[in-house]
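Down below is the structure, laid out as structure tokens.
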Amino acid sequence: MTSTGTARAVDPERATLDKAATENFPVAPFFLPRPWRDDLMAVYGFARLVDDIGDGDLAPGGGDARLLGVRAEEAEDRLVLLDAFEADLRRVFDASAPGPRHPLLRRLRPAVRRRALTPEPFLALIAANRQDQLVKRYETYDDLLAYCELSANPVGRLVLAVTGTSTPERVRRSDAICTALQIVEHLQDVAEDLGRDRIYLPAADMKRFHVQEADLAADTAGASVRALVAYQAQRAGELLDEGAPLVGSVHGRLRLLLAGFVAGGRAAVHAIAAAGYDVLPGPPKPGKLRLLREAGTTLRGEG
């Protein structure tokens, strides 16, 4: 608190980066080389901020909007903020333009140059958050996969690009892992997403399992909802199995990082199953012991 008793202004950059510690997956763990950690944190800062814009979870005080040059009367308009964020992102890639306005994008610019990163994965993440403002339901599983292609898969591709290990086969495996992690997160957050008027369970599957939207608003899940969640969890597990050979295709510390992604997904699927597929009271979370067990299994190429 200041001497006047008012709260100090929130630092938007710090507020965003501090969220790394609360993520379901390791962002830039200590065992990675420092240059990788720096660049992965820069990528994380971008991805976290664009999601916070799309979800309305920006730091209080309007600091991000001011940094992006958005007028105060439009600071709550997520589409306006996303447009301004995209314009600032393009300054990252335009060597002739002045530097980006937002400190998280200024942090990203050296990483983009060092790793020869391209705009496409960053633009896809912005497009996913635009879609979240306009599309609240998904009719089919294929529709959901197309959304994950924008919202999740670019993150894995950026990890491969930052570490200089990208190949077409690794990208394919990475996409499977990232899509699985996105599906698992959707399963954990059914109740929270419904509070935002979003449902990421495909409507065709809800119909197949005789689940109505009102069923998702209950305090606990009935048999039909549990069966639907189990079906989606099985799909996520199969995608994790499809992507897991990515871990064995790399070496050293990167292998540990990628094993952490797969293990985190598998442990979350196990936690959902252990909760009897009742995700409505809150997101089932795996314990550390289960995470370590899954990491060992993944590193050994088992499971």
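Residue numbering restarts at 1 in every chain; chains get A, B, ... in the order shown in the structure tokens, and ligands count up from 1 in that same order.
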Using DSSP on the backbone coordinates, identify all residues within range 112-244 of chain A classified as helix (DSSP H, G or I); present the result as a PyMOL selection string. chain A and resi 112-115+120-134+141-151+153-162+168-188+190-195+203-208+213-217+223-243
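If you count only C-alpha atoms and ignore residues fewer than 3 places along the chain from Glu76 in chain A, what sits within 8 Å of it is A:Gly56, A:Glu73, A:Leu81.
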Restricted to C-alpha atoms, what would the selected residues look like written as a short mmCIF file (atom, residue, chain, number, x, y, z; two decimals), in the first residue's frame?
```
data_model
loop_
_atom_site.label_atom_id
_atom_site.label_comp_id
_atom_site.auth_asym_id
_atom_site.auth_seq_id
_atom_site.Cartn_x
_atom_site.Cartn_y
_atom_site.Cartn_z
CA GLY A 56 -11.35 -11.14 -19.67
CA GLU A 73 -13.94 3.50 -23.24
CA LEU A 81 -7.97 -5.48 -27.50
#
```
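Minimum distance to Glu242 in chain A across A:Arg34, A:Arg173, A:Arg91, A:Arg106 (counting only C-alpha atoms) occurs at A:Arg173.
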In terms of only C-alpha atoms, the residue from A:Leu181, A:Leu299, A:Ile199, A:Leu291 at minimal distance from Ala236 in chain A is A:Leu181
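Nearest residue to Asp39 in chain A among A:Gln232, A:Gln212, A:Asn153, A:Thr163 is A:Thr163, counting only C-alpha atoms.
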Determine, counting only C-alpha atoms, which protein, DNA and RNA residues have an atom within 8 Å of an atom of Asp175 in chain A; residues of the same chain fewer than 6 positions away are not included. Present the result as a PyMOL selection string.
chain A and resi 149+152-154+156-157+243
Counting only C-alpha atoms, which residues of range 199-295 of chain A sit at most 7 Å from some atom of range 127-144 of chain A, and what is each one's closest atom pair with its distance in Å to one decimal, listed by chain and rising residue number, as a Markdown table?
```
| residue | atom | partner | partner_atom | distance |
| --- | --- | --- | --- | --- |
| A:Ile199 | CA | A:Arg137 | CA | 5.3 |
| A:Tyr200 | CA | A:Tyr138 | CA | 6.3 |
| A:Pro202 | CA | A:Thr140 | CA | 4.9 |
| A:Ala203 | CA | A:Glu139 | CA | 4.6 |
| A:Ala204 | CA | A:Thr140 | CA | 5.5 |
```
